[in-house]
Amino acid sequence: MLDLRLYMLQRISALVMAPLTLGHIAVMIYAVQGGLSAEEILGRTQGSAFWFLFYGSFVLAVSVHAAIGLRVIVHETFGLRGVRLTSVTWGIGLLLLSLGAQALVAVTWPGAV
Amino acid sequence: MTRDIEWHDTDILILGTGGAGLFAALHAQQAAPTGTRITIAVKGLIGKCGCTRMVQGGYNVALGTGDTVARHFMDTIEGGKWLPNQEMAWRLCEQAVVRIRELENEIGCFFDRNPDGTLHQKAFAGQTADRTVHKGDLTGIEIINRLMEQVLSRPVEKLQEHRAIGLIPTKDGSALAGVLMIDMRTGRFRFVRAKTVLMATGGGPTMYKYHTPSGDKTMDGLAMALRAGLPLRDMEMVQFHPTGLLAGEHSRMTGTVLEEGLRGAGGQLLNAAGQRFMFDYDDKGERATRDVVSRGIYAEMRKSNDPDQVGMFISMAHLGPDTVRKKFTGMVKRCEDSGFDLAGGLVEVVPTAHYFMGGVMVDVDTRTALEGLYVAGEDAGGAHGSNRLGGNGVANSTVYGGIAGDTMGKDIRSMRCLRDPDDAVLMAEYDRAVHPLRQTPDLVQPLRNRLQEAMWEDVGVMRTADSMRRGLDRIAGIRQDLMQVGVASDNLAFNLTWHDWLNMASLCDVSDVIARAGLARENSRGAHFREDYPAPGDMKASYFTIAQQAGDKVNVTREAVEFSIVKPGETILPDGEPETLVAAQ
Amino acid sequence: MDGQKDTLEVSVWRGTSSGGDFERYEVPAEENQTILDVVSWIQHYADATLTYRFACRVGMCGSCAMMVNGRPRWTCRTHVRKVLQGRRVEIAPLRNLPVIKDLAADMDVFFDKWVAAGGAHAPTAGRNDPIPPVDPQDSTRVTASAGIECINCAICYAACDTVTGNADYLGPAALQRAWTLFNDSKHDRRAGILDAVSGSGGCHNCHSMGSCTVFCPNDLDPMSAIAGLKRETSRRFWRKGG
Amino acid sequence: MAGGRMRPSRAHPLWLAYVLHRVSGLGLALFLPLHFWVLSWALTQPQKLNQFLSFAEQPVVKISEFGLVFLLAVHVFGGLRLMAMEWLPWSAPQKTLAAGAVGVAFLVSGTFFLQVV
Ligand SMILES: Cc1cc2nc3c(=O)[nH]c(=O)nc-3n(C[C@H](O)[C@H](O)[C@H](O)COP(=O)(O)OP(=O)(O)OC[C@H]3O[C@@H](n4cnc5c(N)ncnc54)[C@H](O)[C@@H]3O)c2cc1C
Ligand code: HEM
Ligand code: SF4
Ligand code: F3S
Ligand code: FES
């Protein structure tokens with residue numbers, strides 16, 4: 001149930017995420033090491049265009065990537081196909097996107113707190 | 001039991017999916033008018049059964065660098081000890097050139113190349129030029145896989161696991177109406193009418209204790225042709241390969257080929273005492289031709305006559321186990337999988353029945369005496385005479401399979417309609433097939449073992465009039481017992497034991513003919529060796545045997561070979577041509 | 001020789017497409033014995049109705065593949081000694097294919113997919129043309145030759161879990177054949193192959209789980225062949241922009 | 001059903017790598033929405049986020065966090081391994097690569113873990 005198009009989307013989104021996740025882990029290590037509190041972290045990220053783009057692209061990529069990944073698992077495990085499979089894919093993607101967008105706003109929007 | 005037969009119509013019906021059957025399907029499709037229905041029926045799965053797939057050594061074809069069709073032809077005639085039908089042998093050599101190009105260019109085979117990109121060719125024993133095209137030692141896989149793909153991707157009707165059991169003529173007997181089959185998967189009967197039928201079921205001398213052909217081949221085609229009253233030629237000619245694996249009676253590996261190249265590379269044959277013996281029989285020792293080595297091994301086996309130590313041994317270790325492993329990777333691995341160490345140890349071998357030169361009499365266009373019936377491949381007799389050269393087997397099946405397709409495609413244009421079968425024959429064939437279902441069930445396999453012993457001992461590598469008469473008696477006894485052995489009829493779907501029974505029926509019928517034809521040939525030629533008539537006889541007075549069934553009786557007659565192209569003692573090669581182009585080893 | 005023979009305890013799956021179960025047989029043990037010999041013995045001497053399939057007996061035709069102790073194997077070349085667990089062995093029809101009866105699977109889907117993957121040669125020359133020279137050491141040719149000895153036994157197909165879950169997936173053997181043809185300079189529809197393997201059942205479904213390569217009895221490497229197809233289709237994707 | 005005939009046995013390094021990739025992908029996909037949800041508290045209920053973060057100081061939670069980072073690392077390096085074998089023309093010794101990917105994943109998540117405690 002993966003044609004070339006979905007395959008490319010999944011690989012491209014993965015490639016986008018790879019540096020982002022590693023960067024994120026690095027930031028987390030740094031943050032924990034420096035004993036930063038939630039306020040301190042948010043203070044740095046909120047209002048920063050850089051972090052908005054950083055996490056923004058992650059949210060976008062992960063929605064696409066995970067939706068396709070779960071689509072494959074759902075097809076291979078439960079045999080779903082056709083319209084139902086497509087709606088499941090979109091459903092997962094949109095769910096992740098909306099949750100992700102909320103988190104993104106919370107973390108990077110200027111003066112959110 | 002009601003005679004429940006489903007009818008099915010087609011235009012061109014092909015039996016068998018070896019080199020002959022698959023090529024016929026492709027050529028028929030090219031030659032027949034559009035809209036012609038083509039059906040291919042086979043005892044196993046398309047392309048996965050039969051012997052063409054098992055071809056190791058390769059494909060003989062004269063492609064230049066000194067080699068010519070004339071030279072290939074002369075080798076074929078001399079190898080066949082002047083018995084081949086010369087027109088057929090010529091056509092074989094001539095068309096092989098076209099067919100190999102077709103295989104490479106149209107079918108998509110890839111044969112081994114020289115470093116400069118040209119085809120690699122080598123020489124099998126008995127050839128005077130490097131002529132054999134090959135793909136490693138798995139040539140048949142390449143040929144059949146490519147042919148199979150072509151047929152699978154075309155609109156040819158496929159009847160897989162359909163076994164042909166009877167050729168059904170028209171009421172007046174002038175032509176063929178169709179073929180009665182068993183759909184093996186369901187166990188139901190199906191009568192397929194067709195305007196033309198190609199029989200390409202590939203012979204297969206599996207009535208010998210040791211044999212190389214695939215398990216599906218049991219001489220069904222020749223047994224059907226015999227019952228249909230068609231003349232069969234050269235039926236005494238059974239080729240033995242000298243080195244079949246001996247793994248015990250319980251194993252299907254027994255009889256399978258250890259390749260010719262082992263001896264060519266310096267492999268030694270040893271007896272139980274560990275001594276080489278082939279030089280006692282021939283100056284060339286282990287490198288002598290197949291028939292000579294087979295007889296050498298057989299004679300040595302008879303001398304030792306030890307029931308616990310039946311075969312002789314092939315030994316490669318003196319060449320260095322690592323070298324052997326490298327040069328014969330596939331063979332070493334195969335032996336290893338079955339528990340033998342070819343590279344470093346001894347492997348027990350016996351001569352093993354390999355190829356059947358005899359077959360239905362056909363013209364050079366594969367037509368038979370019965371209108372609508374065509375025969376090609378190992379089922380057809382004539383091209384090889386008393387001996388088939390290594391590499392001429394696939395050439396024969398692919399060349400004549402293609403010709404059959406062309407011929408049927410052409411002939412069908414003048415055949416308006418399907419013919420009606422002779423109901424009496426149809427019913428008789430049906431009854432023959434269900435006979436065991438009406439007897440008390442019993443084991444079939446012991447009878448197969450008995451037949452294989454009888455043929456090996458009495459109608460095998462070396463024969464005498466006495467042994468063959470004894471063989472005939474034994475066959476008759478086995479046949480009688482077979483008629484008493486039943487198969488439970490409660491589940492006929494994919495019932496292998498029923499088919500074993502039918503296999504036995506075919507094998508008994510043809511075994512009987514082999515012995516009779518063997519009695520009729522009172523000399524020794526090629527594969528046929530009579531201890532009571534060891535001389536080859538006058539070449540100029542060469543005759544071939546023709547066996548034909550009339551009523552319940554099989555008559556064997558002799559007919560003089562027609563030297564239509566070359567006479568014994570002469571050659572068609574230009575003056576001054578060297579005897580051989582193969583560099584001495 | 002030694003009068004009393006050892007026996008093997010053999011469980012064989014019996015049934016049809018509508019269901020079945022394992023049945024137990026005692027089979028005499030022999031020095032040289034393959035799984036095919038075991039199955040044949042049962043049919044010859046113990047249960048005349050047992051169905052299985054074989055032809056060549058030597059690993060060339062790929063008709064005899066079955067599940068042996070849960071692993072797909074060519075039974076004519078599988079020595080009993082290699083698979084025996086104590087005295088026991090369990091034999092079932094090939095996985096991922098419909099059963100016809102007992103140990104005989106229906107291979108039609110497998111071959112349909114072979115064709116669907118573009119697995120038949122398309123000629124660039126005819127029978128009256130000379131055979132084109134091909135450098136056997138040329139790297140493209142070497143790639144093509146790597147998969148050429150496939151015997152279409154469907155062992156890889158039975159080993160692949162993706163096939164189990166995804167009925168449309170063309171499977172390793174068919175895709176390997178496509179890759180071989182893609183690298184065959186004599187093949188005419190090389191671009192067509194990339195189309196044939198890019199659909200919803202195509203090469204992109206492969207998760208590189210590698211069971212095909214691990215279990216192939218001929219030591220072929222369908223996994224890498226499929227990776228080759230993914231690479232070429234991706235490359236074309238970038239060039240053509242989808 | 002075909003699968004019911006027999007349990008297939010197929011444990012070998014590449015297959016295990018595949019299972020690991022799938023399980024980690026699935027794990028991440030289940031965890032991520034949760035993660036997003038918690039983060040969005042920053043906007044709506046900041047005090048709840050802080051509560052959560054102090055809750056996250058507990059050792060059990062630390063260990064499961066390690067698990068998460070491990071999953072992420074395994075999945076990322078597994079994914080990179082896959083894309084390398086699919087797209088780079090070398091014929092890589094697959095098993096080594098698979099083992100290597102898991103190794104690196106351990107390293108990264110291990111570092112994370114050490115830093116955290
Ligand atoms: C081990 C081995 C190695 C060989 N090596 C070489 C070699 O190197 N070079 C060479 O030239 N020759 C070789 N030969 C010989 C060569 O394989 C055969 O001569 C040739 O392939 C025969 O082709 P065919 O099409 O006539 O028959 P086959 O390829 O045998 O095909 C016969 C077909 O008919 C089917 N069939 C049989 N009975 C029935 C029935 N009742 N109903 C329906 N279908 C039926 C079979 O299932 C099969 O599909 C070798 C043979 C063997 C056994
Ligand atoms: C950040 C870098 C990531 C990379 C490089 C990556 C890479 C990949 C790749 C190559 C696949 C395809 C596997 C296959 O076809 O067998 C895949 C599958 C998958 N990924 Fe990721 N991924 C990443 C992040 C994520 C994240 C964050 C999630 C979770 C939200 C995720 C969830 C999945 C899922 C569910 C699958 C399907 C697994 C399967 O088909 O077996 N991935 N990933
Ligand atoms: S690739 Fe190997 S396992 Fe798969 S069908 Fe071909 S020979 Fe069999
Ligand atoms: S086992 Fe299946 S998933 Fe791919 S690597 Fe082989 S085809
Ligand atoms: S019987 Fe041909 S591969 Fe096993």
# chains A, B, ... in the order shown; residues from 1 in each chain; ligands from 1
>>> residues_near_ligand(ligand="ligand 3", cutoff="9 Å", atoms="only C-alpha atoms and all ligand atoms", output="ChimeraX atom specification")
/C:62,65,72-74,147-159,171-174,176-177,212-222
>>> residues_near_ligand(ligand="ligand 2", cutoff="6 Å", atoms="only C-alpha atoms and all ligand atoms", output="short mmCIF file (atom, residue, chain, number, x, y, z; two decimals) with all heavy atoms, in the first residue's frame")
data_model
loop_
_atom_site.label_atom_id
_atom_site.label_comp_id
_atom_site.auth_asym_id
_atom_site.auth_seq_id
_atom_site.Cartn_x
_atom_site.Cartn_y
_atom_site.Cartn_z
N ARG A 11 10.17 9.21 3.14
CA ARG A 11 11.63 9.34 3.23
C ARG A 11 12.04 10.81 3.37
O ARG A 11 12.93 11.14 4.15
CB ARG A 11 12.31 8.72 2.00
CG ARG A 11 12.07 7.22 1.83
CD ARG A 11 12.44 6.43 3.06
NE ARG A 11 12.44 4.99 2.82
CZ ARG A 11 11.51 4.14 3.17
NH1 ARG A 11 10.42 4.56 3.80
NH2 ARG A 11 11.61 2.85 2.92
N ALA A 14 11.35 12.00 6.75
CA ALA A 14 12.32 11.41 7.68
C ALA A 14 13.64 12.18 7.62
O ALA A 14 14.26 12.47 8.64
CB ALA A 14 12.54 9.94 7.36
N LEU A 15 14.04 12.51 6.41
CA LEU A 15 15.31 13.22 6.25
C LEU A 15 15.24 14.61 6.90
O LEU A 15 16.21 15.09 7.46
CB LEU A 15 15.66 13.36 4.76
CG LEU A 15 16.30 12.11 4.14
CD1 LEU A 15 16.64 12.36 2.68
CD2 LEU A 15 17.56 11.71 4.92
N MET A 17 13.38 15.33 9.47
CA MET A 17 13.34 15.16 10.91
C MET A 17 14.66 14.75 11.53
O MET A 17 14.93 15.05 12.68
CB MET A 17 12.28 14.11 11.29
CG MET A 17 10.87 14.64 11.30
SD MET A 17 9.78 13.38 11.97
CE MET A 17 9.91 12.13 10.74
N ALA A 18 15.46 14.01 10.74
CA ALA A 18 16.67 13.44 11.33
C ALA A 18 17.52 14.49 12.04
O ALA A 18 17.80 14.36 13.24
CB ALA A 18 17.47 12.69 10.27
N THR A 21 15.49 16.02 15.11
CA THR A 21 15.39 15.23 16.34
C THR A 21 16.73 15.19 17.07
O THR A 21 16.77 15.31 18.29
CB THR A 21 14.95 13.78 16.06
OG1 THR A 21 15.61 13.36 14.89
CG2 THR A 21 13.47 13.69 15.91
N VAL A 62 6.58 15.32 10.90
CA VAL A 62 6.19 14.14 11.67
C VAL A 62 4.74 13.77 11.38
O VAL A 62 4.39 12.59 11.38
CB VAL A 62 6.45 14.34 13.19
CG1 VAL A 62 5.27 15.01 13.86
CG2 VAL A 62 6.75 13.00 13.85
N ALA A 66 4.52 10.01 10.25
CA ALA A 66 3.85 9.05 11.11
C ALA A 66 2.54 8.58 10.49
O ALA A 66 2.16 7.41 10.60
CB ALA A 66 3.61 9.64 12.49
N GLY A 69 3.53 6.02 8.05
CA GLY A 69 4.05 4.85 8.76
C GLY A 69 2.91 4.04 9.38
O GLY A 69 2.86 2.81 9.24
N LEU A 70 2.00 4.73 10.03
CA LEU A 70 0.89 4.01 10.65
C LEU A 70 -0.04 3.42 9.60
O LEU A 70 -0.62 2.35 9.81
CB LEU A 70 0.12 4.94 11.60
CG LEU A 70 0.90 5.32 12.87
CD1 LEU A 70 0.13 6.34 13.70
CD2 LEU A 70 1.21 4.08 13.71
N VAL A 72 0.84 2.09 6.86
CA VAL A 72 1.43 0.81 6.46
C VAL A 72 1.14 -0.26 7.51
O VAL A 72 0.72 -1.38 7.19
CB VAL A 72 2.95 0.96 6.28
CG1 VAL A 72 3.61 -0.40 6.10
CG2 VAL A 72 3.25 1.85 5.09
N ILE A 73 1.34 0.12 8.77
CA ILE A 73 1.12 -0.86 9.83
C ILE A 73 -0.35 -1.28 9.87
O ILE A 73 -0.67 -2.46 9.99
CB ILE A 73 1.57 -0.29 11.19
CG1 ILE A 73 3.08 -0.05 11.16
CG2 ILE A 73 1.21 -1.24 12.32
CD1 ILE A 73 3.66 0.52 12.43
N HIS C 207 10.25 -3.69 3.49
CA HIS C 207 10.83 -3.10 4.70
C HIS C 207 12.26 -3.56 4.92
O HIS C 207 12.76 -3.45 6.03
CB HIS C 207 9.98 -3.49 5.91
CG HIS C 207 8.57 -3.02 5.83
ND1 HIS C 207 8.22 -1.70 5.90
CD2 HIS C 207 7.41 -3.71 5.65
CE1 HIS C 207 6.90 -1.59 5.79
NE2 HIS C 207 6.39 -2.79 5.63
N ARG D 22 9.89 -1.05 13.59
CA ARG D 22 8.43 -0.91 13.61
C ARG D 22 7.94 -0.60 15.01
O ARG D 22 7.13 0.31 15.21
CB ARG D 22 7.79 -2.20 13.08
CG ARG D 22 6.28 -2.23 13.25
CD ARG D 22 5.60 -3.14 12.29
NE ARG D 22 5.70 -2.63 10.92
CZ ARG D 22 5.00 -3.12 9.91
NH1 ARG D 22 4.18 -4.12 10.09
NH2 ARG D 22 5.13 -2.61 8.70
N GLY D 25 8.85 2.94 15.93
CA GLY D 25 8.02 3.89 15.18
C GLY D 25 6.63 3.98 15.79
O GLY D 25 6.08 5.05 16.00
N LEU D 26 6.10 2.80 16.09
CA LEU D 26 4.76 2.73 16.67
C LEU D 26 4.77 3.41 18.04
O LEU D 26 3.88 4.22 18.36
CB LEU D 26 4.37 1.25 16.82
CG LEU D 26 2.91 0.92 16.98
CD1 LEU D 26 2.12 1.45 15.79
CD2 LEU D 26 2.73 -0.59 17.08
N LEU D 28 6.75 5.70 19.17
CA LEU D 28 6.87 7.15 19.01
C LEU D 28 5.55 7.76 18.57
O LEU D 28 5.13 8.80 19.06
CB LEU D 28 7.95 7.47 17.97
CG LEU D 28 9.40 7.22 18.42
CD1 LEU D 28 10.34 7.38 17.24
CD2 LEU D 28 9.77 8.15 19.55
N ALA D 29 4.90 7.08 17.66
CA ALA D 29 3.66 7.61 17.13
C ALA D 29 2.60 7.69 18.23
O ALA D 29 1.74 8.57 18.22
CB ALA D 29 3.17 6.75 15.97
N LEU D 32 3.98 10.65 20.82
CA LEU D 32 4.09 12.03 20.36
C LEU D 32 2.85 12.89 20.63
O LEU D 32 2.96 14.02 21.11
CB LEU D 32 4.46 12.05 18.88
CG LEU D 32 5.32 13.24 18.48
CD1 LEU D 32 6.64 13.25 19.24
CD2 LEU D 32 5.56 13.27 16.99
N HIS D 75 15.06 4.49 16.30
CA HIS D 75 14.27 4.68 15.10
C HIS D 75 14.99 5.57 14.09
O HIS D 75 15.01 5.28 12.90
CB HIS D 75 12.91 5.27 15.47
CG HIS D 75 11.94 5.27 14.33
ND1 HIS D 75 11.22 4.16 13.98
CD2 HIS D 75 11.61 6.24 13.45
CE1 HIS D 75 10.47 4.44 12.93
NE2 HIS D 75 10.69 5.71 12.58
N VAL D 76 15.59 6.63 14.60
CA VAL D 76 16.28 7.54 13.70
C VAL D 76 17.46 6.85 13.01
O VAL D 76 17.60 6.88 11.79
CB VAL D 76 16.78 8.78 14.45
CG1 VAL D 76 17.67 9.63 13.55
CG2 VAL D 76 15.61 9.60 14.95
N GLY D 79 16.30 4.19 10.73
CA GLY D 79 15.77 4.80 9.51
C GLY D 79 16.90 5.28 8.60
O GLY D 79 16.84 5.08 7.38
N LEU D 80 17.91 5.86 9.20
CA LEU D 80 19.04 6.32 8.39
C LEU D 80 19.75 5.12 7.75
O LEU D 80 20.16 5.17 6.59
CB LEU D 80 20.02 7.13 9.25
CG LEU D 80 19.46 8.50 9.68
CD1 LEU D 80 20.42 9.19 10.65
CD2 LEU D 80 19.19 9.39 8.48
N LEU D 82 18.34 2.34 6.88
CA LEU D 82 17.50 1.90 5.77
C LEU D 82 17.71 2.77 4.54
O LEU D 82 17.89 2.28 3.43
CB LEU D 82 16.02 1.98 6.17
CG LEU D 82 15.48 0.76 6.91
CD1 LEU D 82 14.06 1.05 7.40
CD2 LEU D 82 15.46 -0.43 5.98
N MET D 83 17.68 4.08 4.78
CA MET D 83 17.81 4.97 3.62
C MET D 83 19.20 4.86 3.01
O MET D 83 19.35 4.97 1.80
CB MET D 83 17.48 6.39 4.04
CG MET D 83 15.98 6.53 4.26
SD MET D 83 15.44 8.20 4.57
CE MET D 83 15.87 8.41 6.27
#
>>> closest_atom_pairs(of="chain D", to="ligand 4", cutoff="9 Å", atoms="only C-alpha atoms and all ligand atoms", output="Markdown table")
| residue | atom | partner | partner_atom_place_in_ligand_line | distance |
| --- | --- | --- | --- | --- |
| D:Leu14 | CA | ligand 4 | 5 (S) | 8.6 |
| D:Trp15 | CA | ligand 4 | 1 (S) | 8.2 |
| D:Tyr18 | CA | ligand 4 | 3 (S) | 8.7 |
>>> write_last_selection(atoms="N, CA, C and O atoms", output="compact mmCIF listing (two decimals), in the first residue's frame")
# COMPACT_ATOMS: atom_id res chain seq x y z
N LEU D 14 18.52 -8.99 10.55
CA LEU D 14 17.80 -7.99 9.76
C LEU D 14 16.32 -7.97 10.11
O LEU D 14 15.68 -6.92 10.12
N TRP D 15 15.80 -9.15 10.40
CA TRP D 15 14.38 -9.21 10.74
C TRP D 15 14.17 -8.54 12.11
O TRP D 15 13.21 -7.80 12.31
N TYR D 18 14.14 -4.94 11.70
CA TYR D 18 12.85 -4.51 11.15
C TYR D 18 11.80 -4.40 12.25
O TYR D 18 11.06 -3.42 12.35
>>> closest_atom_pairs(of="chain B", to="ligand 5", cutoff="10 Å", atoms="only C-alpha atoms and all ligand atoms", output="tab-separated table")
residue	atom	partner	partner_atom_place_in_ligand_line	distance
B:Lys48	CA	ligand 5	2 (Fe)	7.8
B:Cys49	CA	ligand 5	2 (Fe)	8.0
B:Gly50	CA	ligand 5	2 (Fe)	10.0
B:Arg53	CA	ligand 5	2 (Fe)	9.4
B:Met54	CA	ligand 5	2 (Fe)	9.0
B:Ser214	CA	ligand 5	1 (S)	8.0
B:Gly215	CA	ligand 5	1 (S)	8.2
B:Arg252	CA	ligand 5	1 (S)	9.2
B:Met253	CA	ligand 5	1 (S)	9.6
>>> write_last_selection(atoms="all heavy atoms", output="mmCIF file, in the first residue's frame")
data_model
loop_
_atom_site.group_PDB
_atom_site.id
_atom_site.type_symbol
_atom_site.label_atom_id
_atom_site.label_comp_id
_atom_site.auth_asym_id
_atom_site.auth_seq_id
_atom_site.Cartn_x
_atom_site.Cartn_y
_atom_site.Cartn_z
ATOM 1 N N LYS B 48 7.959 -25.752 -14.821
ATOM 2 C CA LYS B 48 8.656 -26.210 -13.620
ATOM 3 C C LYS B 48 8.833 -27.725 -13.576
ATOM 4 O O LYS B 48 9.458 -28.249 -12.667
ATOM 5 C CB LYS B 48 7.948 -25.704 -12.364
ATOM 6 C CG LYS B 48 8.072 -24.186 -12.250
ATOM 7 C CD LYS B 48 7.335 -23.618 -11.074
ATOM 8 C CE LYS B 48 8.084 -23.756 -9.784
ATOM 9 N NZ LYS B 48 9.299 -22.923 -9.738
ATOM 10 N N CYS B 49 8.263 -28.395 -14.558
ATOM 11 C CA CYS B 49 8.457 -29.833 -14.593
ATOM 12 C C CYS B 49 9.191 -30.179 -15.886
ATOM 13 O O CYS B 49 9.478 -29.308 -16.687
ATOM 14 C CB CYS B 49 7.100 -30.528 -14.537
ATOM 15 S SG CYS B 49 5.914 -29.812 -15.683
ATOM 16 N N GLY B 50 9.471 -31.439 -16.081
ATOM 17 C CA GLY B 50 10.160 -31.831 -17.307
ATOM 18 C C GLY B 50 11.665 -31.658 -17.188
ATOM 19 O O GLY B 50 12.179 -31.153 -16.205
ATOM 20 N N ARG B 53 14.415 -28.011 -18.032
ATOM 21 C CA ARG B 53 14.897 -27.213 -16.917
ATOM 22 C C ARG B 53 16.161 -27.802 -16.278
ATOM 23 O O ARG B 53 16.925 -27.107 -15.634
ATOM 24 C CB ARG B 53 13.798 -27.160 -15.862
ATOM 25 C CG ARG B 53 13.935 -26.022 -14.910
ATOM 26 C CD ARG B 53 12.796 -26.064 -13.946
ATOM 27 N NE ARG B 53 12.019 -24.848 -13.996
ATOM 28 C CZ ARG B 53 12.379 -23.722 -13.398
ATOM 29 N NH1 ARG B 53 13.490 -23.650 -12.737
ATOM 30 N NH2 ARG B 53 11.631 -22.656 -13.499
ATOM 31 N N MET B 54 16.332 -29.104 -16.443
ATOM 32 C CA MET B 54 17.459 -29.759 -15.768
ATOM 33 C C MET B 54 18.721 -29.799 -16.615
ATOM 34 O O MET B 54 19.739 -30.331 -16.186
ATOM 35 C CB MET B 54 17.055 -31.183 -15.395
ATOM 36 C CG MET B 54 15.912 -31.218 -14.406
ATOM 37 S SD MET B 54 15.205 -32.840 -14.262
ATOM 38 C CE MET B 54 16.472 -33.644 -13.305
ATOM 39 N N SER B 214 13.086 -35.873 -14.561
ATOM 40 C CA SER B 214 12.231 -35.367 -13.504
ATOM 41 C C SER B 214 11.117 -36.365 -13.212
ATOM 42 O O SER B 214 10.736 -37.167 -14.064
ATOM 43 C CB SER B 214 11.650 -34.013 -13.896
ATOM 44 O OG SER B 214 10.892 -34.139 -15.076
ATOM 45 N N GLY B 215 10.597 -36.292 -11.993
ATOM 46 C CA GLY B 215 9.647 -37.277 -11.521
ATOM 47 C C GLY B 215 8.340 -37.356 -12.295
ATOM 48 O O GLY B 215 7.661 -38.376 -12.290
ATOM 49 N N ARG B 252 14.969 -40.185 -3.414
ATOM 50 C CA ARG B 252 14.709 -39.666 -4.748
ATOM 51 C C ARG B 252 15.965 -39.076 -5.377
ATOM 52 O O ARG B 252 15.997 -38.790 -6.554
ATOM 53 C CB ARG B 252 13.629 -38.591 -4.686
ATOM 54 C CG ARG B 252 12.257 -39.100 -4.251
ATOM 55 C CD ARG B 252 11.169 -38.416 -5.069
ATOM 56 N NE ARG B 252 9.832 -38.670 -4.597
ATOM 57 C CZ ARG B 252 8.964 -39.453 -5.241
ATOM 58 N NH1 ARG B 252 9.324 -40.067 -6.351
ATOM 59 N NH2 ARG B 252 7.736 -39.602 -4.777
ATOM 60 N N MET B 253 16.983 -38.849 -4.569
ATOM 61 C CA MET B 253 18.233 -38.330 -5.130
ATOM 62 C C MET B 253 18.933 -39.392 -5.944
ATOM 63 O O MET B 253 19.737 -39.097 -6.819
ATOM 64 C CB MET B 253 19.193 -37.931 -4.006
ATOM 65 C CG MET B 253 18.730 -36.772 -3.185
ATOM 66 S SD MET B 253 19.828 -36.488 -1.797
ATOM 67 C CE MET B 253 20.030 -38.095 -1.099
#
>>> residues_near_ligand(ligand="ligand 1", cutoff="7 Å", atoms="only C-alpha atoms and all ligand atoms", output="NGL selection string")
:B and (15-21 or 41-44 or 46-47 or 49-60 or 162-165 or 200-204 or 212-214 or 216-221 or 256-257 or 354-355 or 376-379 or 390-395 or 397)
>>> interface_residues(of="chain C", to="chain A", cutoff="7 Å", atoms="only C-alpha atoms", output="VMD selection string")
chain C and resid 165 to 166 198 to 202 204 to 205
>>> closest_residue(among="D:Leu20, D:Val74, D:Leu49, D:Val108", to="Gly23 (chain A)", atoms="only C-alpha atoms")
D:Val108
>>> atom_distance(atom1="CA of Arg146 (chain B)", atom2="CA of Tyr169 (chain C)")
22.5 Å
>>> decode(residues="region 165-172 of chain C", atoms="N, CA and C atoms", output="compact mmCIF listing (two decimals), in the first residue's frame")
# COMPACT_ATOMS: atom_id res chain seq x y z
N GLY C 165 1.22 -9.63 5.11
CA GLY C 165 0.30 -8.57 5.48
C GLY C 165 -0.28 -7.81 4.31
N ASN C 166 0.42 -7.84 3.20
CA ASN C 166 0.05 -6.97 2.09
C ASN C 166 -0.15 -7.81 0.83
N ALA C 167 -1.39 -8.12 0.56
CA ALA C 167 -1.70 -9.07 -0.52
C ALA C 167 -1.26 -8.56 -1.89
N ASP C 168 -1.14 -7.25 -2.03
CA ASP C 168 -0.77 -6.71 -3.33
C ASP C 168 0.73 -6.70 -3.58
N TYR C 169 1.48 -6.86 -2.51
CA TYR C 169 2.94 -6.74 -2.64
C TYR C 169 3.49 -7.79 -3.61
N LEU C 170 4.26 -7.33 -4.57
CA LEU C 170 4.75 -8.22 -5.63
C LEU C 170 5.70 -9.28 -5.09
N GLY C 171 6.41 -8.96 -4.04
CA GLY C 171 7.28 -9.95 -3.41
C GLY C 171 8.68 -9.97 -3.98
N PRO C 172 9.59 -10.58 -3.21
CA PRO C 172 11.01 -10.49 -3.54
C PRO C 172 11.41 -11.11 -4.88
